[in-house]
Amino acid sequence: MKRLSFLSATARVCDMAIGQLLWSRRTVFMALAAGGPVVLAIIFRGLDAFGMSTLRINGVRVGGPVMFGGMIWLLYLRFVVPVLGAFYGTSLVADEVEDRTITYLFTRPIARGSIVVGKYLAYLACTSLVVLPSVMAVYLLITPIAGGSMGQAFPSLLKDLGLLALGLAVYGAVFALVGARVPRPLVAGLVLVFGWEQIALVVPGYLRRFTVAYYLQALVPHAMPADDTITAIQSLFAAPPSAASSVAWLFGILVVALWLAAQALESREYVLEP
Amino acid sequence: MTKKSRYFLAGSAAVLLVGLGAGTLAYLTYYRNAGVPAGLPAELKYVPADAQMVAYADVRSVMASEMRRELERMTTGRRGQQQMHEFAGIDFEKDVNRVVAFITPEPASQATDATPGPPAPPRILLLAQGNFDQARVEQFMKDHGGVIEDYHGKHLVIRQGAPPFPRPPAPPTAPRPPSADQTTPPTRPGVPDIQPRIEPQAPQTQAQPMRRPPPETAIGFVRSDLMAVGGTDLVRQALDGSATTANITGNSELMALIHDDASSNAWVVGQFDAVSRRIGLPPSVRGQVPPLRLVGASAHIDGAVRATVKALTNDEAAANQLRDVVRGAISFARLQNGLNPDLQNALKTVELGGTGTTVQLSFTVTPDIFKGLPPGPRPPSPPPAAEPPSTPK
């Protein structure tokens with residue numbers, strides 16, 4: 001049987017994996033994660049249409065662009081993106097191992113690394129095409145509230161879309177590596193998102209440089225909402241890196257993590273338990 | 001890929017593209033309505049047409065410049081930034097992208113105001129574009145005596161300016177001998193009058209000139225990313241938007257200067273009369289300068305500062321006269337012996353140009369020049385702490 005080139009193999013795996021990812025049992029979670037903010041935006045917009053102010057600070061209504069910025073920070077950046085990354089990224093290899101179907105993939109005349117890369121690209125296509133339209137819908141619904149201008153907020157939206165796509169890509173690569181290396185990858189992924197990243201960000205010193213969130217947060221075009229003590233501590237010690245270095249670091253993390261994940265699959269012997 | 005998956009992905013992509021199209025349309029419509037030419041800061045639409053002086057700084061690029069890093073290495077203090085932070089809870093370096101500031105003429109009522117005392121402070125509005133946490137800034141202002149008002153659905157935080165420092169009490173007047181015209185209580189015979197008679201003083205309020213009330217400072221968020229700081233009436237105007245008054249884009253003279261400086265990351269343009277008054281140029285000096293209408297200065301700051309100063313005179317004769325004056329000054333400076341070599345090199349970069357009624361002077365300043373300058377006066381050291389009372393050991 002003729003061995004496929006790396007690119008052809010990656011494309012074939014990607015094509016196959018898109019269907020698996022979209023219509024798996026995790027789809028319900030993805031629908032909730034992406035649809036929740038849209039439902040919230042519809043509620044806010046509905047309340048605004050009926051003259052009921054939705055959010056007030058110091059007694060005065062908060063404008064739509066500010067609300068949109070807050071939703072990007074609190075819902076997408078801190079929750080949707082890392083959690084989707086953890087759920088889907090860790091499953092890229094782990095599901096095949098768990099379902100004992102990875103041997104079928106290994107018997108195909110393709111490089112093992114192309115399995116990881118192909119599945120990763122499928123993950124990126126699926127999550128981006130679910131999360132980004134959700135952000136777009138929220139922008140269209142929320143921004144005009146309280147006299148907000150969609151035109152003014154549009155440059156920020158473009159940055160948000162790029163930022164979230166980059167976040168999904170980097171988290172996906174990191175969790176693909178976790179999925180290829182760690183026995184219980186989902187637990188490890190959630191610990192990484194809600195444990196390590198949260199703690200490292202508020203600890204003074206250099207620890208925060210070993211988190212993805214540190215570089216992602218430096219790119220956000222909206223002010224960080226002062227919603228809780230953790231944020232206050234974080235802003236106290238915040239010394240965000242420049243945008244260029246953040247992007248460089250994020251791409252560096254992405255490439256290294258994906259390469260390590262591919263290497264892990266190339267070299268590791270998977271013992272399938274009966 | 002199944003047909004179902006393909007439809008799903010195509011639908012998602014369509015939603016994304018439709019949203020992007022709508023956003024692009026809204027963006028283009030917004031900037032067409034703003035009427036600010038491309039390449040200029042959009043905040044200019046909030047600058048009224050009668051502004052006397054307009055200044056702009058691309059804070060982000062200036063802060064990231066090599067020149068600034070060099071200067072920071074030479075100096076250790078960051079007092080200005082701390083003051084700004086204290087003022088509004090804003091980190092100027094991190095939170096602000098660009099700044100536009102302008103000075104407007106005093107209203108007719110104030111211009112004719114004959115209130116004695118120091119002149120009224122200039123009517124300045126500063127528009128800062130960046131990433132702000134509105135709630136935090138407002139809370140900061142509130143904690144520092146600010147009062148939050150609702151102005152047409154937007155927040156306006158007004159803070160009364162700091163009251164003038166209380167004057168030290170007047171020294172007691174020397175005792176004076178009783179005069180014949182004074183009605184003094186008769187002294188008892190044989191008892192010397194040792195009580196000094198102090199003249200009753202007029203109340204201080206009558207003796208001192210009336211003072212202007214402390215100026216009000218207001219902060220308003222024109223947009224979530226655009227903060228206006230300045231006099232309350234100017235902030236209100238900015239919150240109203242550009243629809244209520246004609247903006248600077250209608251002032252063709254100043255706009256011509258602004259267009260020339262658009263490629264710089266910091267510039268200031270203004271009417272010469274206003275500029276000279278604001279910088280405190282004495283009237284005698286102003287009288288010596290050939291009649292100027294407009295002046296502008298711009299700087300491109302990166303590894304060095306490439307600066308250009310431009311002046312527009314009333315006529316060509318005045319421009320020639322000004323060129324002669326400047327040429328003489330440059331020659332005089334170049335003839336000076338004992339100048340720092342870096343300063344001499346900087347003088348070599350000075351170019352005088354301009355045609356017609358325009359006089360233009362350009363030069364380049366490198367960080368090395370600052371290294372060669374003598375250090376400035378040191379800030380006064382705090383007074384030595386009082387000796388603690390000797391305690392038994």
# chains A, B, ... in the order shown; residues from 1 in each chain; ligands from 1
call {"tool": "interface_residues", "arguments": {"of": "chain B", "to": "chain A", "cutoff": "6 Å", "atoms": "only C-alpha atoms", "output": "ChimeraX atom specification"}}
result
/B:1,5,12,15-16,19,23,26-27,30,131-133,224
call {"tool": "write_last_selection", "arguments": {"atoms": "N, CA and C atoms", "output": "PDB file, in the first residue's frame"}}
result
ATOM      1  N   MET B   1     -16.067  13.846   5.158  1.00  0.00           N
ATOM      2  CA  MET B   1     -16.981  14.687   5.942  1.00  0.00           C
ATOM      3  C   MET B   1     -18.418  14.460   5.448  1.00  0.00           C
ATOM      4  N   SER B   5     -22.246  17.679   8.425  1.00  0.00           N
ATOM      5  CA  SER B   5     -21.108  18.449   8.958  1.00  0.00           C
ATOM      6  C   SER B   5     -20.783  19.618   8.035  1.00  0.00           C
ATOM      7  N   SER B  12     -22.053  28.165   9.864  1.00  0.00           N
ATOM      8  CA  SER B  12     -21.282  28.936  10.859  1.00  0.00           C
ATOM      9  C   SER B  12     -20.415  29.981  10.171  1.00  0.00           C
ATOM     10  N   VAL B  15     -22.565  32.869   9.033  1.00  0.00           N
ATOM     11  CA  VAL B  15     -22.915  33.786  10.138  1.00  0.00           C
ATOM     12  C   VAL B  15     -21.736  34.716  10.422  1.00  0.00           C
ATOM     13  N   LEU B  16     -20.553  34.128  10.457  1.00  0.00           N
ATOM     14  CA  LEU B  16     -19.347  34.914  10.746  1.00  0.00           C
ATOM     15  C   LEU B  16     -19.124  35.979   9.671  1.00  0.00           C
ATOM     16  N   GLY B  19     -21.744  38.788   9.827  1.00  0.00           N
ATOM     17  CA  GLY B  19     -21.420  39.676  10.951  1.00  0.00           C
ATOM     18  C   GLY B  19     -20.254  40.588  10.621  1.00  0.00           C
ATOM     19  N   GLY B  23     -20.384  44.603  10.397  1.00  0.00           N
ATOM     20  CA  GLY B  23     -19.460  45.401  11.211  1.00  0.00           C
ATOM     21  C   GLY B  23     -18.633  46.344  10.360  1.00  0.00           C
ATOM     22  N   ALA B  26     -20.783  49.203   9.313  1.00  0.00           N
ATOM     23  CA  ALA B  26     -20.991  50.129  10.434  1.00  0.00           C
ATOM     24  C   ALA B  26     -19.735  50.965  10.680  1.00  0.00           C
ATOM     25  N   TYR B  27     -18.598  50.325  10.561  1.00  0.00           N
ATOM     26  CA  TYR B  27     -17.312  51.020  10.785  1.00  0.00           C
ATOM     27  C   TYR B  27     -17.101  52.118   9.747  1.00  0.00           C
ATOM     28  N   TYR B  30     -19.533  54.946  10.278  1.00  0.00           N
ATOM     29  CA  TYR B  30     -19.176  55.751  11.451  1.00  0.00           C
ATOM     30  C   TYR B  30     -18.065  56.737  11.103  1.00  0.00           C
ATOM     31  N   ASN B 131      -7.348  51.645  26.946  1.00  0.00           N
ATOM     32  CA  ASN B 131      -8.142  50.613  27.619  1.00  0.00           C
ATOM     33  C   ASN B 131      -8.381  51.065  29.055  1.00  0.00           C
ATOM     34  N   PHE B 132      -9.603  51.405  29.358  1.00  0.00           N
ATOM     35  CA  PHE B 132      -9.898  51.905  30.701  1.00  0.00           C
ATOM     36  C   PHE B 132     -10.957  51.037  31.352  1.00  0.00           C
ATOM     37  N   ASP B 133     -10.818  50.892  32.621  1.00  0.00           N
ATOM     38  CA  ASP B 133     -11.883  50.253  33.386  1.00  0.00           C
ATOM     39  C   ASP B 133     -12.702  51.395  33.975  1.00  0.00           C
ATOM     40  N   SER B 224     -16.332  53.774  25.642  1.00  0.00           N
ATOM     41  CA  SER B 224     -15.673  52.958  26.663  1.00  0.00           C
ATOM     42  C   SER B 224     -14.155  53.088  26.573  1.00  0.00           C
TER      43      SER B 224
END
call {"tool": "residues_around", "arguments": {"residues": "B:Thr366", "least_positions_apart": "2", "cutoff": "12 Å", "atoms": "only C-alpha atoms", "output": "PDB file with C-alpha atoms, in the first residue's frame"}}
result
ATOM      1  CA  GLU B  66      14.232  53.496  21.977  1.00  0.00           C
ATOM      2  CA  MET B  67      14.595  57.184  22.855  1.00  0.00           C
ATOM      3  CA  ARG B  68      12.274  56.842  25.798  1.00  0.00           C
ATOM      4  CA  GLU B  70      17.382  55.641  26.825  1.00  0.00           C
ATOM      5  CA  LEU B  71      15.965  58.587  28.729  1.00  0.00           C
ATOM      6  CA  HIS B 300       8.881  61.608  15.260  1.00  0.00           C
ATOM      7  CA  ILE B 301      10.254  59.765  18.252  1.00  0.00           C
ATOM      8  CA  ASP B 302      11.926  56.389  17.870  1.00  0.00           C
ATOM      9  CA  GLY B 303      15.691  55.899  18.231  1.00  0.00           C
ATOM     10  CA  ALA B 304      16.056  59.682  18.059  1.00  0.00           C
ATOM     11  CA  VAL B 305      13.749  62.666  17.889  1.00  0.00           C
ATOM     12  CA  ARG B 306      13.332  64.135  14.439  1.00  0.00           C
ATOM     13  CA  ALA B 307      11.622  67.409  15.129  1.00  0.00           C
ATOM     14  CA  ASP B 342      27.133  65.755  20.676  1.00  0.00           C
ATOM     15  CA  LEU B 343      25.489  69.145  20.838  1.00  0.00           C
ATOM     16  CA  GLN B 344      27.706  70.345  17.998  1.00  0.00           C
ATOM     17  CA  ASN B 345      26.625  67.338  15.954  1.00  0.00           C
ATOM     18  CA  ALA B 346      23.026  68.129  16.749  1.00  0.00           C
ATOM     19  CA  LEU B 347      23.539  71.697  15.559  1.00  0.00           C
ATOM     20  CA  THR B 349      21.445  68.619  11.743  1.00  0.00           C
ATOM     21  CA  PHE B 363      16.648  69.071  13.584  1.00  0.00           C
ATOM     22  CA  THR B 364      17.465  65.705  15.083  1.00  0.00           C
ATOM     23  CA  ASP B 368      23.663  61.070  23.367  1.00  0.00           C
ATOM     24  CA  ILE B 369      22.898  64.778  23.672  1.00  0.00           C
ATOM     25  CA  PHE B 370      21.163  64.203  26.973  1.00  0.00           C
ATOM     26  CA  LYS B 371      24.086  62.161  28.239  1.00  0.00           C
ATOM     27  CA  GLY B 372      26.333  65.162  27.671  1.00  0.00           C
TER      28      GLY B 372
END
call {"tool": "residues_around", "arguments": {"residues": "A:Ser8", "least_positions_apart": "4", "cutoff": "10 Å", "atoms": "only C-alpha atoms", "output": "PyMOL selection string"}}
result
chain A and resi 3-4+12-14+110+114+118
call {"tool": "select_by_dssp", "arguments": {"residues": "stretch 311-351 of chain B", "states": "strand (DSSP E or B)", "output": "JSON, numbers by chain"}}
result
{"B": [311, 312, 313, 351]}
call {"tool": "residues_around", "arguments": {"residues": "A:Val97", "least_positions_apart": "3", "cutoff": "12 Å", "atoms": "only C-alpha atoms", "output": "ChimeraX atom specification"}}
result
/A:90-94,100-106,179-185,265,268-274
call {"tool": "write_last_selection", "arguments": {"atoms": "C-alpha atoms", "output": "short mmCIF file (atom, residue, chain, number, x, y, z; two decimals), in the first residue's frame"}}
result
data_model
loop_
_atom_site.label_atom_id
_atom_site.label_comp_id
_atom_site.auth_asym_id
_atom_site.auth_seq_id
_atom_site.Cartn_x
_atom_site.Cartn_y
_atom_site.Cartn_z
CA THR A 90 -7.42 16.28 25.49
CA SER A 91 -9.84 14.07 23.58
CA LEU A 92 -7.95 14.20 20.29
CA VAL A 93 -5.79 11.21 21.13
CA ALA A 94 -7.34 10.04 24.39
CA ARG A 100 -9.43 1.28 21.36
CA THR A 101 -9.62 2.52 17.80
CA ILE A 102 -6.15 4.01 17.73
CA THR A 103 -4.74 0.71 16.46
CA TYR A 104 -6.83 1.12 13.30
CA LEU A 105 -5.23 4.49 12.71
CA PHE A 106 -1.77 3.09 13.37
CA GLY A 179 -3.90 14.10 25.91
CA ALA A 180 -1.00 12.32 24.25
CA ARG A 181 1.14 12.13 27.38
CA VAL A 182 -1.04 11.95 30.48
CA PRO A 183 -3.21 8.97 31.48
CA ARG A 184 -6.27 10.94 32.65
CA PRO A 185 -5.96 13.94 30.41
CA LEU A 265 2.37 9.66 19.36
CA ARG A 268 4.78 5.96 22.53
CA GLU A 269 3.49 2.39 22.69
CA TYR A 270 -0.18 2.41 23.65
CA VAL A 271 -1.22 -0.64 25.63
CA LEU A 272 -4.95 -1.02 25.22
CA GLU A 273 -6.58 -2.40 28.32
CA PRO A 274 -9.19 -5.08 27.74
#
call {"tool": "residues_around", "arguments": {"residues": "B:Met141", "least_positions_apart": "2", "cutoff": "10 Å", "atoms": "only C-alpha atoms", "output": "mmCIF file with C-alpha atoms, in the first residue's frame"}}
result
data_model
loop_
_atom_site.group_PDB
_atom_site.id
_atom_site.type_symbol
_atom_site.label_atom_id
_atom_site.label_comp_id
_atom_site.auth_asym_id
_atom_site.auth_seq_id
_atom_site.Cartn_x
_atom_site.Cartn_y
_atom_site.Cartn_z
ATOM 1 C CA GLU B 86 -2.854 59.329 41.670
ATOM 2 C CA PHE B 87 -5.137 61.554 39.665
ATOM 3 C CA ALA B 88 -7.407 59.033 38.070
ATOM 4 C CA GLY B 89 -6.249 55.538 38.862
ATOM 5 C CA ALA B 135 -15.949 51.575 36.965
ATOM 6 C CA ARG B 136 -12.511 51.631 38.566
ATOM 7 C CA VAL B 137 -11.700 55.136 37.322
ATOM 8 C CA GLU B 138 -15.032 56.469 38.514
ATOM 9 C CA GLN B 139 -14.685 54.795 41.871
ATOM 10 C CA ASP B 143 -13.046 58.221 46.604
ATOM 11 C CA HIS B 144 -11.132 61.435 45.978
ATOM 12 C CA GLY B 145 -14.055 63.775 46.334
ATOM 13 C CA GLY B 146 -15.598 63.397 42.895
ATOM 14 C CA VAL B 147 -19.333 63.533 42.374
ATOM 15 C CA ILE B 148 -20.932 61.366 39.703
ATOM 16 C CA VAL B 157 -17.491 62.694 37.371
ATOM 17 C CA ILE B 158 -16.929 66.213 38.640
ATOM 18 C CA ARG B 159 -14.233 67.046 41.105
ATOM 19 C CA ALA B 218 -14.455 66.562 35.170
ATOM 20 C CA ILE B 219 -13.979 63.141 33.667
#
call {"tool": "closest_residue", "arguments": {"among": "A:Lys159, A:Arg26, A:Leu190, A:Gly36", "to": "A:Val83", "atoms": "only C-alpha atoms"}}
result
A:Leu190
call {"tool": "closest_residue", "arguments": {"among": "B:Ala64, B:Val350, B:Ala10, B:Val295", "to": "A:Pro241", "atoms": "only C-alpha atoms"}}
result
B:Ala64
call {"tool": "closest_residue", "arguments": {"among": "B:Asn97, B:Thr249, B:Thr104, B:Ser331", "to": "B:Gln129", "atoms": "only C-alpha atoms"}}
result
B:Asn97
